[in-house]
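For reference, protein34.txt is printed below; it contains compact mmCIF, C-alpha atoms.
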# COMPACT_ATOMS: atom_id res chain seq x y z
CA MET A 1 50.12 -1.17 38.77
CA ALA A 2 52.69 0.57 40.74
CA GLU A 3 54.65 1.40 37.66
CA LEU A 4 51.72 2.87 35.84
CA ASN A 5 50.69 5.10 38.65
CA THR A 6 54.05 6.57 39.38
CA GLY A 7 52.86 10.02 38.40
CA ASP A 8 50.24 10.05 41.11
CA GLY A 9 52.71 9.28 43.80
CA GLY A 10 52.66 11.67 46.69
CA GLY A 11 55.90 13.40 45.74
CA LYS A 12 54.77 15.75 42.93
CA LYS A 13 51.80 18.08 43.12
CA GLY A 14 52.37 19.72 39.75
CA GLY A 15 50.42 19.79 36.46
CA LYS A 16 49.71 16.12 36.30
CA VAL A 17 47.07 16.22 39.01
CA ARG A 18 45.28 19.05 37.25
CA SER A 19 45.26 17.28 33.93
CA LYS A 20 43.62 14.30 35.55
CA LYS A 21 40.76 16.50 36.76
CA GLN A 22 40.15 17.81 33.27
CA ASN A 23 39.90 14.34 31.85
CA SER A 24 37.06 13.45 34.16
CA LYS A 25 34.67 15.37 31.88
CA VAL A 26 34.07 13.52 28.62
CA ASP A 27 33.17 15.58 25.59
CA LEU A 28 29.69 14.35 24.64
CA THR A 29 29.18 16.52 21.56
CA ALA A 30 30.06 13.85 19.05
CA MET A 31 27.91 11.30 20.84
CA VAL A 32 24.90 13.63 20.84
CA ASP A 33 25.47 14.37 17.17
CA LEU A 34 25.41 10.70 16.36
CA ALA A 35 22.35 10.09 18.50
CA PHE A 36 20.37 12.83 16.79
CA LEU A 37 21.44 11.63 13.40
CA LEU A 38 20.09 8.19 14.19
CA ILE A 39 16.88 9.66 15.64
CA THR A 40 16.29 11.61 12.46
CA PHE A 41 16.90 8.50 10.40
CA PHE A 42 14.46 6.35 12.37
CA MET A 43 11.82 9.07 12.49
CA LEU A 44 11.87 9.53 8.74
CA THR A 45 11.92 5.86 7.90
CA THR A 46 9.07 4.94 10.24
CA THR A 47 6.67 7.55 8.90
CA LEU A 48 7.51 6.93 5.26
CA SER A 49 7.29 3.18 5.27
CA LYS A 50 3.54 3.13 5.89
CA PRO A 51 1.91 2.32 2.57
CA GLN A 52 -0.80 4.51 1.13
CA SER A 53 -3.98 3.08 -0.25
CA MET A 54 -7.05 4.10 -2.15
CA SER A 55 -10.34 2.46 -1.44
CA LEU A 56 -12.43 1.22 -4.31
CA GLY A 57 -16.07 0.28 -4.11
CA LEU A 58 -17.50 -1.75 -6.95
CA PRO A 59 -21.18 -2.32 -7.64
CA ASP A 60 -22.69 -5.57 -6.50
CA LYS A 61 -22.54 -8.10 -9.31
CA ASP A 62 -25.17 -10.54 -8.25
CA PRO A 63 -26.59 -12.33 -11.29
CA LYS A 64 -30.09 -12.07 -9.83
CA ASP A 65 -30.09 -8.31 -9.99
CA ASP A 66 -29.19 -8.17 -13.65
CA SER A 67 -32.77 -7.64 -14.77
CA VAL A 68 -33.01 -4.28 -13.04
CA ASP A 69 -31.44 -1.86 -15.46
CA MET A 70 -30.88 1.63 -14.23
CA LYS A 71 -31.89 4.32 -16.64
CA VAL A 72 -29.14 6.89 -16.79
CA ASP A 73 -29.23 10.13 -18.66
CA GLU A 74 -26.70 9.78 -21.48
CA ASN A 75 -25.92 13.48 -21.26
CA ARG A 76 -24.28 12.85 -17.93
CA THR A 77 -22.16 9.85 -18.78
CA MET A 78 -18.62 9.92 -19.93
CA THR A 79 -16.88 6.74 -20.99
CA VAL A 80 -13.14 6.39 -20.66
CA MET A 81 -11.47 3.42 -22.32
CA MET A 82 -7.92 2.32 -21.74
CA GLY A 83 -5.91 0.41 -24.31
CA ALA A 84 -2.40 -0.88 -24.76
CA ASP A 85 0.63 1.43 -24.48
CA ASP A 86 -1.06 4.06 -22.31
CA LYS A 87 -3.74 4.77 -24.88
CA LEU A 88 -6.84 6.54 -23.68
CA VAL A 89 -10.07 7.18 -25.58
CA PHE A 90 -13.06 9.02 -24.22
CA TYR A 91 -16.52 9.93 -25.43
CA MET A 92 -19.58 11.54 -23.90
CA GLY A 93 -23.03 10.05 -24.13
CA LEU A 94 -23.73 7.12 -26.40
CA LEU A 95 -21.20 5.87 -28.91
CA ASN A 96 -23.72 5.89 -31.78
CA ASN A 97 -24.58 9.49 -31.09
CA PRO A 98 -21.76 10.98 -29.05
CA ILE A 99 -21.98 14.45 -27.57
CA ALA A 100 -18.23 14.78 -27.66
CA GLY A 101 -15.44 12.62 -28.95
CA PRO A 102 -14.51 9.86 -29.38
CA LYS A 103 -11.08 11.31 -28.99
CA ASP A 104 -7.65 10.20 -27.87
CA LEU A 105 -6.24 11.88 -24.80
CA PRO A 106 -2.96 11.65 -22.98
CA TYR A 107 -2.81 10.92 -19.26
CA GLY A 108 -2.05 13.65 -16.78
CA ARG A 109 -2.81 17.27 -16.10
CA GLU A 110 -3.11 18.58 -19.66
CA GLY A 111 -4.96 15.60 -21.04
CA ILE A 112 -7.63 13.70 -19.25
CA ARG A 113 -7.82 15.94 -16.19
CA ALA A 114 -8.50 19.14 -18.13
CA GLU A 115 -11.18 17.29 -20.09
CA LEU A 116 -12.75 15.81 -16.96
CA ILE A 117 -12.98 19.18 -15.22
CA LYS A 118 -14.40 20.83 -18.35
CA ARG A 119 -17.00 18.10 -18.84
CA LYS A 120 -17.87 18.12 -15.16
CA LYS A 121 -18.74 21.80 -15.34
CA GLU A 122 -20.85 21.26 -18.46
CA VAL A 123 -22.78 18.42 -16.83
CA LEU A 124 -23.34 20.49 -13.73
CA ALA A 125 -24.72 23.33 -15.86
CA TYR A 126 -26.96 20.82 -17.67
CA SER A 127 -28.26 19.33 -14.42
CA THR A 128 -28.85 22.71 -12.87
CA ALA A 129 -30.83 23.75 -15.93
CA LYS A 130 -32.98 20.66 -15.40
CA GLY A 131 -33.45 21.62 -11.76
CA LYS A 132 -31.39 18.77 -10.34
CA PRO A 133 -28.05 20.26 -9.42
CA ASP A 134 -27.10 17.32 -7.23
CA GLN A 135 -26.79 15.01 -10.24
CA GLY A 136 -23.14 15.10 -11.23
CA MET A 137 -21.22 13.42 -13.97
CA ILE A 138 -20.99 9.65 -14.21
CA VAL A 139 -17.76 8.22 -15.49
CA ILE A 140 -17.58 4.70 -16.85
CA ILE A 141 -14.06 3.32 -16.77
CA LYS A 142 -13.37 0.54 -19.25
CA PRO A 143 -9.95 -1.00 -18.93
CA SER A 144 -9.28 -3.28 -21.87
CA LYS A 145 -7.39 -6.55 -21.65
CA LYS A 146 -4.23 -4.86 -22.84
CA SER A 147 -4.19 -2.08 -20.30
CA ASN A 148 -2.10 -2.43 -17.19
CA TYR A 149 -2.70 -1.85 -13.51
CA LYS A 150 -0.97 1.53 -13.54
CA ASN A 151 -3.51 2.84 -16.06
CA VAL A 152 -6.37 1.81 -13.80
CA ILE A 153 -4.79 3.48 -10.77
CA ASP A 154 -4.03 6.62 -12.78
CA ILE A 155 -7.62 6.97 -13.89
CA LEU A 156 -8.98 6.27 -10.39
CA ASP A 157 -6.57 8.89 -9.12
CA GLU A 158 -7.89 11.38 -11.68
CA MET A 159 -11.38 10.71 -10.35
CA ALA A 160 -10.18 11.56 -6.86
CA ILE A 161 -8.38 14.69 -8.05
CA SER A 162 -11.31 15.97 -10.11
CA ASN A 163 -13.77 15.14 -7.33
CA ILE A 164 -16.04 12.97 -9.41
CA PRO A 165 -18.38 11.17 -7.04
CA THR A 166 -19.86 8.55 -9.36
CA TYR A 167 -17.60 6.29 -11.30
CA THR A 168 -17.46 2.60 -11.94
CA ILE A 169 -15.33 0.02 -13.67
CA VAL A 170 -17.05 -1.86 -16.46
CA ASN A 171 -15.40 -4.77 -18.21
CA ASP A 172 -17.78 -5.26 -21.15
CA PHE A 173 -16.70 -3.95 -24.51
CA SER A 174 -19.00 -3.58 -27.45
CA PRO A 175 -17.45 -4.47 -30.84
CA GLU A 176 -17.51 -0.80 -31.86
CA GLU A 177 -15.61 0.17 -28.78
CA THR A 178 -12.94 -2.47 -29.35
CA LYS A 179 -12.58 -1.26 -32.91
CA LEU A 180 -12.26 2.29 -31.74
CA LEU A 181 -9.61 1.39 -29.21
CA GLU A 182 -7.55 -0.70 -31.57
CA GLY A 183 -8.25 0.85 -34.93
CA LYS A 184 -6.83 4.24 -34.17
CA GLN A 185 -3.60 2.85 -32.93
CA GLU A 186 -0.55 3.98 -34.82
CA MET B 1 43.92 49.99 34.45
CA ALA B 2 43.09 46.40 34.91
CA LYS B 3 42.62 44.78 31.56
CA ILE B 4 39.44 42.84 31.12
CA LYS B 5 40.38 39.33 30.46
CA ILE B 6 38.38 37.84 27.63
CA ASN B 7 37.76 34.24 28.33
CA LYS B 8 38.83 32.68 25.09
CA ASN B 9 37.73 29.27 26.11
CA PRO B 10 33.97 29.35 26.78
CA GLY B 11 33.03 26.75 29.32
CA SER B 12 31.80 23.64 27.62
CA THR B 13 28.08 23.03 27.97
CA ASP B 14 27.00 20.04 29.93
CA MET B 15 25.78 17.64 27.32
CA THR B 16 24.77 14.86 29.67
CA ALA B 17 21.07 15.70 29.81
CA MET B 18 20.87 16.26 26.07
CA CYS B 19 22.59 12.99 25.46
CA ASP B 20 20.15 11.24 27.78
CA VAL B 21 17.14 12.63 25.96
CA ALA B 22 18.62 11.85 22.56
CA PHE B 23 19.25 8.26 23.44
CA LEU B 24 15.85 7.88 25.05
CA LEU B 25 14.21 9.01 21.83
CA LEU B 26 16.55 6.84 19.81
CA THR B 27 15.61 3.80 21.84
CA PHE B 28 11.93 4.62 21.37
CA PHE B 29 12.20 4.86 17.60
CA VAL B 30 14.31 1.75 17.30
CA MET B 31 11.75 -0.20 19.35
CA THR B 32 8.67 1.08 17.53
CA SER B 33 9.98 0.89 13.98
CA THR B 34 9.42 -2.35 12.21
CA ALA B 35 12.33 -3.63 10.25
CA LYS B 36 11.64 -3.92 6.57
CA ILE B 37 11.80 -7.53 5.61
CA PRO B 38 12.52 -8.37 1.97
CA GLU B 39 9.25 -9.34 0.37
CA ALA B 40 8.82 -12.70 -1.23
CA LEU B 41 7.41 -11.00 -4.32
CA PRO B 42 8.79 -7.50 -4.79
CA VAL B 43 6.34 -5.23 -6.58
CA ASP B 44 6.55 -1.66 -7.76
CA THR B 45 3.24 -0.12 -6.80
CA PRO B 46 1.85 2.70 -8.94
CA SER B 47 1.60 6.07 -7.22
CA SER B 48 -1.47 8.14 -6.47
CA THR B 49 -2.34 11.37 -4.70
CA VAL B 50 -4.80 9.70 -2.37
CA GLN B 51 -3.36 9.46 1.11
CA THR B 52 -5.50 7.05 3.06
CA LYS B 53 -3.42 4.86 5.31
CA LEU B 54 -3.87 1.13 5.35
CA PRO B 55 -5.23 -0.34 8.58
CA GLU B 56 -2.73 -2.07 10.84
CA THR B 57 -4.97 -4.96 11.83
CA ASP B 58 -7.77 -6.97 10.20
CA LEU B 59 -6.05 -6.81 6.87
CA ALA B 60 -5.29 -9.33 4.17
CA THR B 61 -2.97 -8.25 1.38
CA LEU B 62 -3.01 -9.84 -2.04
CA THR B 63 0.21 -9.06 -3.84
CA ILE B 64 -0.01 -9.38 -7.60
CA GLY B 65 3.01 -9.30 -9.85
CA GLU B 66 4.52 -11.26 -12.74
CA GLY B 67 1.22 -13.10 -13.09
CA LYS B 68 1.54 -14.53 -9.59
CA VAL B 69 -0.56 -13.90 -6.52
CA PHE B 70 0.85 -13.90 -3.00
CA PHE B 71 -1.15 -13.80 0.20
CA ASP B 72 -0.42 -12.06 3.47
CA LEU B 73 -2.50 -11.71 6.61
CA LYS B 74 -2.10 -9.53 9.68
CA GLY B 75 -2.47 -10.81 13.22
CA ARG B 76 -0.80 -13.92 14.63
CA GLU B 77 -3.91 -15.56 16.10
CA VAL B 78 -5.86 -14.99 12.89
CA ARG B 79 -3.06 -16.52 10.86
CA MET B 80 -2.92 -19.63 13.05
CA ARG B 81 -6.66 -20.15 12.83
CA THR B 82 -6.63 -19.61 9.07
CA LEU B 83 -3.97 -22.26 8.65
CA GLU B 84 -6.02 -24.65 10.78
CA LEU B 85 -9.11 -24.06 8.65
CA MET B 86 -7.13 -24.49 5.44
CA GLY B 87 -5.64 -27.72 6.80
CA GLU B 88 -9.12 -29.06 7.49
CA LYS B 89 -10.30 -28.08 4.04
CA TYR B 90 -7.42 -29.74 2.17
CA ASN B 91 -6.87 -32.63 4.64
CA LEU B 92 -3.39 -31.56 5.62
CA GLU B 93 -1.86 -31.85 9.06
CA PHE B 94 0.00 -28.90 10.48
CA SER B 95 1.76 -29.30 13.80
CA GLU B 96 1.73 -26.69 16.55
CA GLN B 97 5.28 -25.83 15.59
CA ASP B 98 4.21 -25.23 11.97
CA LYS B 99 1.39 -22.97 13.05
CA THR B 100 3.64 -20.89 15.27
CA THR B 101 6.18 -20.48 12.51
CA PHE B 102 3.44 -19.67 10.02
CA SER B 103 2.03 -16.99 12.29
CA ARG B 104 5.38 -15.22 12.28
CA MET B 105 5.88 -15.48 8.51
CA ASP B 106 5.24 -12.85 5.89
CA ASP B 107 3.59 -13.18 2.54
CA PHE B 108 3.84 -16.46 0.72
CA GLY B 109 2.80 -17.80 -2.66
CA VAL B 110 2.80 -21.54 -2.91
CA PRO B 111 0.11 -24.16 -3.43
CA ILE B 112 -1.07 -25.43 -0.05
CA ALA B 113 0.58 -28.80 -0.60
CA ASN B 114 4.00 -27.11 -0.69
CA LEU B 115 3.30 -24.74 2.17
CA LYS B 116 5.02 -26.99 4.68
CA GLN B 117 8.30 -26.77 2.79
CA ILE B 118 8.15 -22.99 2.92
CA ILE B 119 7.35 -23.07 6.64
CA ASP B 120 10.36 -25.30 7.30
CA MET B 121 12.68 -22.94 5.45
CA LYS B 122 14.79 -20.32 7.11
CA ALA B 123 13.32 -16.82 6.89
CA SER B 124 16.14 -15.61 4.67
CA ASP B 125 15.67 -18.46 2.20
CA ARG B 126 11.94 -17.93 1.70
CA SER B 127 12.32 -14.90 -0.51
CA LYS B 128 14.86 -16.74 -2.67
CA ALA B 129 12.77 -19.89 -2.99
CA GLY B 130 11.11 -18.79 -6.23
CA GLN B 131 7.58 -19.33 -5.04
CA PRO B 132 5.19 -19.99 -7.93
CA GLY B 133 2.18 -18.07 -6.57
CA ILE B 134 -1.07 -19.34 -5.12
CA PRO B 135 -3.23 -21.19 -7.67
CA ALA B 136 -6.22 -19.04 -8.57
CA ASP B 137 -7.69 -20.91 -11.55
CA SER B 138 -11.29 -21.91 -11.68
CA LEU B 139 -10.26 -25.56 -11.33
CA ASP B 140 -8.23 -25.15 -8.19
CA ASN B 141 -8.97 -21.79 -6.64
CA GLN B 142 -6.92 -21.93 -3.48
CA LEU B 143 -6.66 -18.16 -3.31
CA LYS B 144 -10.40 -17.94 -2.86
CA GLU B 145 -10.22 -20.46 -0.02
CA TRP B 146 -7.43 -18.51 1.66
CA VAL B 147 -9.44 -15.29 1.56
CA TYR B 148 -12.61 -17.05 2.64
CA ASN B 149 -11.00 -18.85 5.58
CA ALA B 150 -9.08 -15.76 6.62
CA ARG B 151 -12.39 -13.92 6.83
CA ILE B 152 -13.89 -16.68 8.96
CA ALA B 153 -10.85 -16.71 11.25
CA ASN B 154 -10.87 -12.95 11.53
CA ASN B 155 -14.57 -12.88 12.38
CA GLU B 156 -14.17 -15.62 15.01
CA PHE B 157 -11.34 -13.74 16.57
CA ASN B 158 -13.13 -10.39 16.54
CA ASN B 159 -16.38 -11.83 17.87
CA GLU B 160 -14.49 -13.06 20.90
CA LYS B 161 -13.42 -9.51 21.54
CA GLY B 162 -16.94 -8.25 20.85
CA SER B 163 -15.87 -6.30 17.80
CA LYS B 164 -17.70 -6.43 14.50
CA GLN B 165 -14.77 -5.43 12.32
CA GLU B 166 -14.67 -7.34 9.04
CA LEU B 167 -11.46 -8.35 7.35
CA GLN B 168 -10.27 -5.69 4.94
CA ILE B 169 -8.75 -6.74 1.66
CA ALA B 170 -5.95 -4.81 0.05
CA ILE B 171 -4.68 -5.41 -3.46
CA LYS B 172 -1.04 -4.60 -4.00
CA GLY B 173 -0.42 -4.81 -7.69
CA ASP B 174 2.63 -4.18 -9.77
CA ALA B 175 2.34 -1.11 -11.99
CA LYS B 176 3.15 -3.15 -15.10
CA GLU B 177 0.77 -5.99 -14.32
CA GLN B 178 -1.77 -6.57 -17.06
CA TYR B 179 -5.33 -5.70 -16.16
CA PRO B 180 -6.88 -9.19 -16.76
CA MET B 181 -4.86 -10.59 -13.86
CA ILE B 182 -6.08 -7.82 -11.55
CA ARG B 183 -9.58 -8.35 -12.83
CA LYS B 184 -9.41 -12.06 -12.05
CA VAL B 185 -8.56 -11.27 -8.42
CA MET B 186 -11.25 -8.58 -8.22
CA ASP B 187 -13.81 -10.99 -9.67
CA MET B 188 -12.78 -13.60 -7.12
CA LEU B 189 -13.37 -11.08 -4.34
CA GLN B 190 -16.68 -9.98 -5.79
CA ASP B 191 -17.83 -13.59 -5.96
CA GLN B 192 -17.47 -13.54 -2.18
CA LYS B 193 -19.48 -10.34 -2.01
CA ILE B 194 -16.45 -8.24 -1.18
CA ASN B 195 -17.31 -5.18 -3.17
CA SER B 196 -15.06 -2.72 -1.48
CA PHE B 197 -11.35 -3.09 -1.06
CA SER B 198 -8.18 -1.04 -0.96
CA LEU B 199 -5.59 -0.63 -3.64
CA VAL B 200 -2.11 -0.10 -2.27
CA THR B 201 -0.34 2.78 -3.94
CA GLY B 202 2.80 4.78 -3.46
CA LEU B 203 2.93 8.46 -2.73
CA ARG B 204 2.87 10.99 -5.54
CA GLY B 205 3.72 14.67 -5.31
CA LYS B 206 0.84 17.12 -4.81
CA ASP B 207 1.42 19.07 -8.00
CA PHE B 208 1.16 16.06 -10.27

Structure rendered as structure tokens:
Amino acid sequence: MAELNTGDGGGKKGGKVRSKKQNSKVDLTAMVDLAFLLITFFMLTTTLSKPQSMSLGLPDKDPKDDSVDMKVDENRTMTVMMGADDKLVFYMGLLNNPIAGPKDLPYGREGIRAELIKRKKEVLAYSTAKGKPDQGMIVIIKPSKKSNYKNVIDILDEMAISNIPTYTIVNDFSPEETKLLEGKQE
Amino acid sequence: MAKIKINKNPGSTDMTAMCDVAFLLLTFFVMTSTAKIPEALPVDTPSSTVQTKLPETDLATLTIGEGKVFFDLKGREVRMRTLELMGEKYNLEFSEQDKTTFSRMDDFGVPIANLKQIIDMKASDRSKAGQPGIPADSLDNQLKEWVYNARIANNEFNNEKGSKQELQIAIKGDAKEQYPMIRKVMDMLQDQKINSFSLVTGLRGKDF
């Protein structure tokens, strides 16, 4: 102890005392930098880790209610079928007598979305002409056994983007539809 | 003629207060953030532009990937009650210790008979255990029982609090999962008259 503190001994009043005063103030800049860096990290990670979700409502599938068949205007229905390897086929109206299609479309902005928005406008014009402008387009989504989950989400997302209020997922395929989905495959 | 002395060394700012605030905020974020635990079944969720957040409570998550289904439930009391109900259903005894451990666990995917082994494992070993998924066949549909009992437990718990909130179901599927597997789970939910559920998705850019 005594040896270490020799400089502070009463004898000298020179620079050493002053230097001791300066040391009493710690430079906090680096510490603050680090603290803010960590704050930024935790802020970003906490807000981003919350998962997003889309809600999906499916029609009631009670076997008792099967007898009640809803009559839907075929001019307003669009059927979208998903096959293997991101294949997508759509048609308007009934398959025997389609208004448009059946045609292959790619996913995304140029493909299915452009078609959906175009068809939506046409249906709206049709409904308005009939005096029922509140009846929009109905989209029937038919994911085949070979489609994957991403295809389903992509199509549901397109529905949300194009603001289509009525859509449903149907799992029944008629033989013609299966043929259409598989026959055209290259 | 006195020269103006330019102080070359500007007095250092007092950083103490700033440092205090910074560390206060840091402590807050460290406390509130939940550490990301490695999932027992890692899935790559497809992305969408929809930005609805998942609820924090009253939620059961069904994770689907590689043809397996895993189950996760929020809320410790609800989890304990669900395990009790499942034990009664399958005639299995779970001790208080098991229930407490189970309530702190994350998602799992084992047949109920092997659940005790998973509970007894260390948390770090659970994700490596290679869990085979919860049986969801028509012969032995344990997944259905899990969802059903979780709903009962959740309702019991919420009725005590006077709330009428039903258990929400979220499906967290892998982007590459084949649709029939997803459909099987959806059908199972619809058989229980759950016609509306959430699909967990990742975030996609606005200009997609």

### Query
What residues in chain A have any atom no more than 6 Å from chain B when counting all atoms listed in the file, and can you write them as an NGL selection string?
:A and (28 or 32 or 35 or 39 or 42 or 46 or 52-58 or 145 or 147-150 or 157)

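One finds CA of Ile140 in chain A at 14.5 Å from CA of Gly83 in chain A.
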
TODO: Grab the CA of Arg81 in chain B to CA of Gln131 in chain B distance for me, in Å with one decimal place.
DONE: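 Interatomic distance, CA of Arg81 in chain B to CA of Gln131 in chain B: 22.9 Å.
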
Expressed in Å to a single decimal, how great is the separation between CA of Asp104 in chain A and CA of Val89 in chain A?
->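 Distance between the two atoms: 4.5 Å.
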
Go ahead and find all residues with at least one atom no further than 8 Å from (-24.2, 5.8, -11.9) in the file's coordinates, using only C-alpha atoms; report them as a PDB file with C-alpha atoms, in the coordinates of the input.
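Dumped everything to point36.pdb:
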ATOM      1  CA  VAL A  72     -29.140   6.890 -16.790  1.00  0.00           C
ATOM      2  CA  ILE A 138     -20.990   9.650 -14.210  1.00  0.00           C
ATOM      3  CA  VAL A 139     -17.760   8.220 -15.490  1.00  0.00           C
ATOM      4  CA  THR A 166     -19.860   8.550  -9.360  1.00  0.00           C
ATOM      5  CA  TYR A 167     -17.600   6.290 -11.300  1.00  0.00           C
ATOM      6  CA  THR A 168     -17.460   2.600 -11.940  1.00  0.00           C
TER       7      THR A 168
END

Across A:Ala30, A:Met159, A:Met137, A:Leu94, the smallest distance to Glu176 in chain A, with only C-alpha atoms counted, is shown by A:Leu94

Closest of B:Ser103, B:Ala123, B:Pro42, B:Val78 to Glu66 in chain B, counting all atoms listed in the file, is B:Pro42

* Leaving out Leu95 in chain A and any residue of its chain fewer than 5 positions from it, which residues lie within 10 Å of it when counting only C-alpha atoms, given as JSON, numbers by chain? -> {"A": [79, 90, 100, 101, 102, 174, 176, 177]}

- Could you tell me, as a PyMOL selection string, which residues have any atom at most 12 Å from (-9.8, 16.8, -16.2), counting all atoms listed in the file? chain A and resi 78+80+90+105-121+139+155+157-164

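With only C-alpha atoms as the atoms that count, the residue of A:Phe36, A:Phe173, A:Tyr91, A:Phe41 with the shortest distance to Arg76 in chain A is A:Tyr91.
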
| message | I want to know what sits within 10 Å of Met80 in chain B, based on only C-alpha atoms, with residues of the same chain fewer than 4 positions away left out; could you give that as a PyMOL selection string? | response | chain B and resi 75-76+84-86+96+98-104+150+153

Residue with the minimum atom-to-atom distance to Leu124 in chain A, picked from A:Thr77, A:Glu182, A:Pro59, A:Ile169 with all atoms listed in the file counted, is A:Thr77

From the set B:Lys3, B:Arg151, B:Arg126, B:Lys74, which residue has the shortest atom-to-atom contact distance to Leu41 in chain B, counting all atoms listed in the file?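 Smallest separation from Leu41 in chain B among the options: B:Arg126.
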
Closest of A:Met81, A:Val152, A:Leu34, A:Ile141 to Lys103 in chain A, counting all atoms listed in the file, is A:Met81
